[in-house]
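Everything on this sheet refers to the single structure shown next.
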Amino acid sequence: MPRAKTQRTLKTLRLGVLARDKELMNIEHASIHDAAEILALQKLAYQSEAALWNDYMIPPLTQTLDSLCAQFASHVILKAVIEGEIVGSARAQQQGDTCCIGRLLVHPDRQNLGIGAQLMAALEAEFPA
């Protein structure tokens, strides 16, 4: 079972070489109050995949706010925050003995800086073997 959700910061990272101006990034549990911002970021982040497949009806682009809000009951949802802005998010749920990653997204302007890798590491820590 995943650990209890809290509002504490899971990790504080100095992105240093990877990011602009040595910004600090916090990885935290998201709350339902973050849902609209996460959904907007998701729809922005998945535009490149939709363009690649020439399919703008992929699930990350058609997901509704109600659907995302419902996932807070069954998923661990994390957010990566830099200077008060959510720049990434990841969600997963446990199914039997398996941790299933639902979505991993990073703002297009912040991709290839290690944010996605840090979100994955934080998710893995939520589901110890």
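Here, A, B, ... name the chains of the structure tokens in the order displayed, residue numbers run from 1 inside each chain, and ligands are numbered from 1 in the same displayed order.
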
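For Leu61 of chain A, the set of protein, DNA and RNA residues having any atom at most 9 Å away, when counting only C-alpha atoms and skipping those fewer than 2 positions along the same chain, is Leu39, Gln42, Lys43, Leu44, Tyr46, Gln47, Ala50, Tyr56, Met57, Ile58, Pro59, Gln63 and Thr64 of chain A.
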
Next, the residues of the selection above should be written as a PDB file, in the first residue's frame with N, CA, C and O atoms.
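What landed in selection_32.pdb:
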ATOM      1  N   LEU A  39      -4.344  19.743 -14.724  1.00  0.00           N
ATOM      2  CA  LEU A  39      -5.024  19.381 -15.968  1.00  0.00           C
ATOM      3  C   LEU A  39      -4.614  20.319 -17.105  1.00  0.00           C
ATOM      4  O   LEU A  39      -4.359  19.866 -18.229  1.00  0.00           O
ATOM      5  N   GLN A  42      -1.205  19.313 -18.124  1.00  0.00           N
ATOM      6  CA  GLN A  42      -1.276  18.039 -18.842  1.00  0.00           C
ATOM      7  C   GLN A  42      -1.649  18.269 -20.302  1.00  0.00           C
ATOM      8  O   GLN A  42      -1.025  17.712 -21.209  1.00  0.00           O
ATOM      9  N   LYS A  43      -2.649  19.092 -20.525  1.00  0.00           N
ATOM     10  CA  LYS A  43      -3.110  19.339 -21.895  1.00  0.00           C
ATOM     11  C   LYS A  43      -2.044  20.071 -22.709  1.00  0.00           C
ATOM     12  O   LYS A  43      -1.885  19.804 -23.902  1.00  0.00           O
ATOM     13  N   LEU A  44      -1.271  20.914 -22.075  1.00  0.00           N
ATOM     14  CA  LEU A  44      -0.162  21.584 -22.750  1.00  0.00           C
ATOM     15  C   LEU A  44       0.977  20.605 -23.036  1.00  0.00           C
ATOM     16  O   LEU A  44       1.502  20.543 -24.150  1.00  0.00           O
ATOM     17  N   TYR A  46       1.024  17.369 -23.369  1.00  0.00           N
ATOM     18  CA  TYR A  46       0.748  16.264 -24.285  1.00  0.00           C
ATOM     19  C   TYR A  46       0.457  16.719 -25.714  1.00  0.00           C
ATOM     20  O   TYR A  46       0.186  15.894 -26.585  1.00  0.00           O
ATOM     21  N   GLN A  47       0.548  18.018 -25.990  1.00  0.00           N
ATOM     22  CA  GLN A  47       0.347  18.501 -27.358  1.00  0.00           C
ATOM     23  C   GLN A  47       1.376  17.908 -28.319  1.00  0.00           C
ATOM     24  O   GLN A  47       1.047  17.555 -29.452  1.00  0.00           O
ATOM     25  N   ALA A  50       0.405  14.387 -29.214  1.00  0.00           N
ATOM     26  CA  ALA A  50      -0.755  14.405 -30.105  1.00  0.00           C
ATOM     27  C   ALA A  50      -0.320  14.777 -31.527  1.00  0.00           C
ATOM     28  O   ALA A  50      -0.777  14.164 -32.493  1.00  0.00           O
ATOM     29  N   TYR A  56      -5.473  14.221 -31.761  1.00  0.00           N
ATOM     30  CA  TYR A  56      -5.725  15.143 -30.657  1.00  0.00           C
ATOM     31  C   TYR A  56      -6.855  14.652 -29.748  1.00  0.00           C
ATOM     32  O   TYR A  56      -7.357  15.402 -28.924  1.00  0.00           O
ATOM     33  N   MET A  57      -7.204  13.378 -29.882  1.00  0.00           N
ATOM     34  CA  MET A  57      -8.219  12.776 -29.020  1.00  0.00           C
ATOM     35  C   MET A  57      -7.593  11.766 -28.058  1.00  0.00           C
ATOM     36  O   MET A  57      -8.284  10.924 -27.502  1.00  0.00           O
ATOM     37  N   ILE A  58      -6.285  11.860 -27.833  1.00  0.00           N
ATOM     38  CA  ILE A  58      -5.639  10.948 -26.889  1.00  0.00           C
ATOM     39  C   ILE A  58      -6.144  11.245 -25.476  1.00  0.00           C
ATOM     40  O   ILE A  58      -6.525  12.382 -25.169  1.00  0.00           O
ATOM     41  N   PRO A  59      -6.200  10.233 -24.623  1.00  0.00           N
ATOM     42  CA  PRO A  59      -6.780  10.412 -23.282  1.00  0.00           C
ATOM     43  C   PRO A  59      -6.228  11.596 -22.468  1.00  0.00           C
ATOM     44  O   PRO A  59      -7.019  12.278 -21.812  1.00  0.00           O
ATOM     45  N   GLN A  63      -9.174  14.151 -21.075  1.00  0.00           N
ATOM     46  CA  GLN A  63      -9.548  13.955 -19.675  1.00  0.00           C
ATOM     47  C   GLN A  63     -10.246  15.203 -19.138  1.00  0.00           C
ATOM     48  O   GLN A  63      -9.851  16.333 -19.438  1.00  0.00           O
ATOM     49  N   THR A  64     -11.260  14.999 -18.334  1.00  0.00           N
ATOM     50  CA  THR A  64     -12.012  16.105 -17.751  1.00  0.00           C
ATOM     51  C   THR A  64     -11.502  16.416 -16.344  1.00  0.00           C
ATOM     52  O   THR A  64     -10.842  15.577 -15.716  1.00  0.00           O
TER      53      THR A  64
END

*So which residues touch His107 of chain A within 9 Å, counting only C-alpha atoms, skipping near sequence neighbours fewer than 5 positions away, as a PyMOL selection string?*
chain A and resi 41-42+44-45+86-88

_Sel. of strand (DSSP E) residues, chain A, as a PyMOL selection string_ = chain A and resi 9-14+24-29+76-82+85-95+98-106

Mind checking which residues fall within 10 Å of Gly84 of chain A, counting only C-alpha atoms, ignoring those fewer than 3 positions away in the same chain, and posting them as an mmCIF file with C-alpha atoms, in the first residue's frame?
data_model
loop_
_atom_site.group_PDB
_atom_site.id
_atom_site.type_symbol
_atom_site.label_atom_id
_atom_site.label_comp_id
_atom_site.auth_asym_id
_atom_site.auth_seq_id
_atom_site.Cartn_x
_atom_site.Cartn_y
_atom_site.Cartn_z
ATOM 1 C CA MET A 25 12.226 22.517 -7.141
ATOM 2 C CA ASN A 26 9.974 20.863 -4.582
ATOM 3 C CA ALA A 80 6.911 19.428 -9.096
ATOM 4 C CA VAL A 81 6.864 23.084 -8.070
ATOM 5 C CA VAL A 87 5.951 22.524 -13.704
#

*asked:* Would you pick out the contacts of Gln93 of chain A at 7 Å or less, using only C-alpha atoms, so that residues sharing its chain but fewer than 3 positions from it are not included, and give the list as a PyMOL selection string?
replied: chain A and resi 74-76+99-101

Prev. selection, N, CA and C atoms, output as a CSV table (one decimal), in the first residue's frame:
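That gives us out.csv:
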chain,number,residue,atom,x,y,z
A,74,SER,N,-7.9,7.4,-5.6
A,74,SER,CA,-7.2,6.1,-5.8
A,74,SER,C,-5.8,6.2,-6.3
A,75,HIS,N,-5.3,7.3,-6.5
A,75,HIS,CA,-3.9,7.5,-7.0
A,75,HIS,C,-3.1,8.3,-6.1
A,76,VAL,N,-1.8,8.1,-6.1
A,76,VAL,CA,-0.8,9.0,-5.5
A,76,VAL,C,-0.5,10.0,-6.6
A,99,CYS,N,2.9,-1.3,-9.2
A,99,CYS,CA,2.6,0.2,-9.3
A,99,CYS,C,2.4,0.6,-10.7
A,100,CYS,N,1.2,1.1,-11.0
A,100,CYS,CA,0.9,1.5,-12.4
A,100,CYS,C,1.0,3.0,-12.5
A,101,ILE,N,1.9,3.4,-13.4
A,101,ILE,CA,2.0,4.9,-13.6
A,101,ILE,C,0.9,5.3,-14.6

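Minimum atom-to-atom distances from A:Asp55, A:Asp66, A:Glu124, A:Glu28 to Thr98 of chain A were compared using only C-alpha atoms, and the lowest value belongs to A:Glu124.
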
_atom CA of Glu23 of chain A to atom CA of Glu83 of chain A, distance in Å rounded to a single decimal_ = 7.9 Å

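Our summary of the geometry notes that atom CA of Phe72 of chain A is positioned 29.3 Å from atom CA of Leu52 of chain A.
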
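The nearest approach to Arg91 of chain A among the residues A:Met120, A:Ala40, A:Ala129, A:Val106, with only C-alpha atoms taken into account, belongs to A:Met120.
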
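Of the listed residues (A:Ala125, A:Ile27, A:Leu119, A:Ala51), A:Ile27 comes nearest to Glu85 of chain A; the distances count only C-alpha atoms.
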
_I need the residues in chain A that are helix (DSSP H, G or I) according to DSSP; give them as number ranges by chain._
A: 16-18, 20-22, 32-45, 47-53, 59-62, 65-71, 108-110, 115-126

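Closest approach to Glu37 of chain A among A:Ala121, A:Ala70, A:Leu24, A:Lys79 is made by A:Lys79 (distances from only C-alpha atoms).
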
*Rounded to one decimal place, report the atom CA of Glu49 of chain A-atom CA of Ala90 of chain A distance in Å.*
16.5 Å
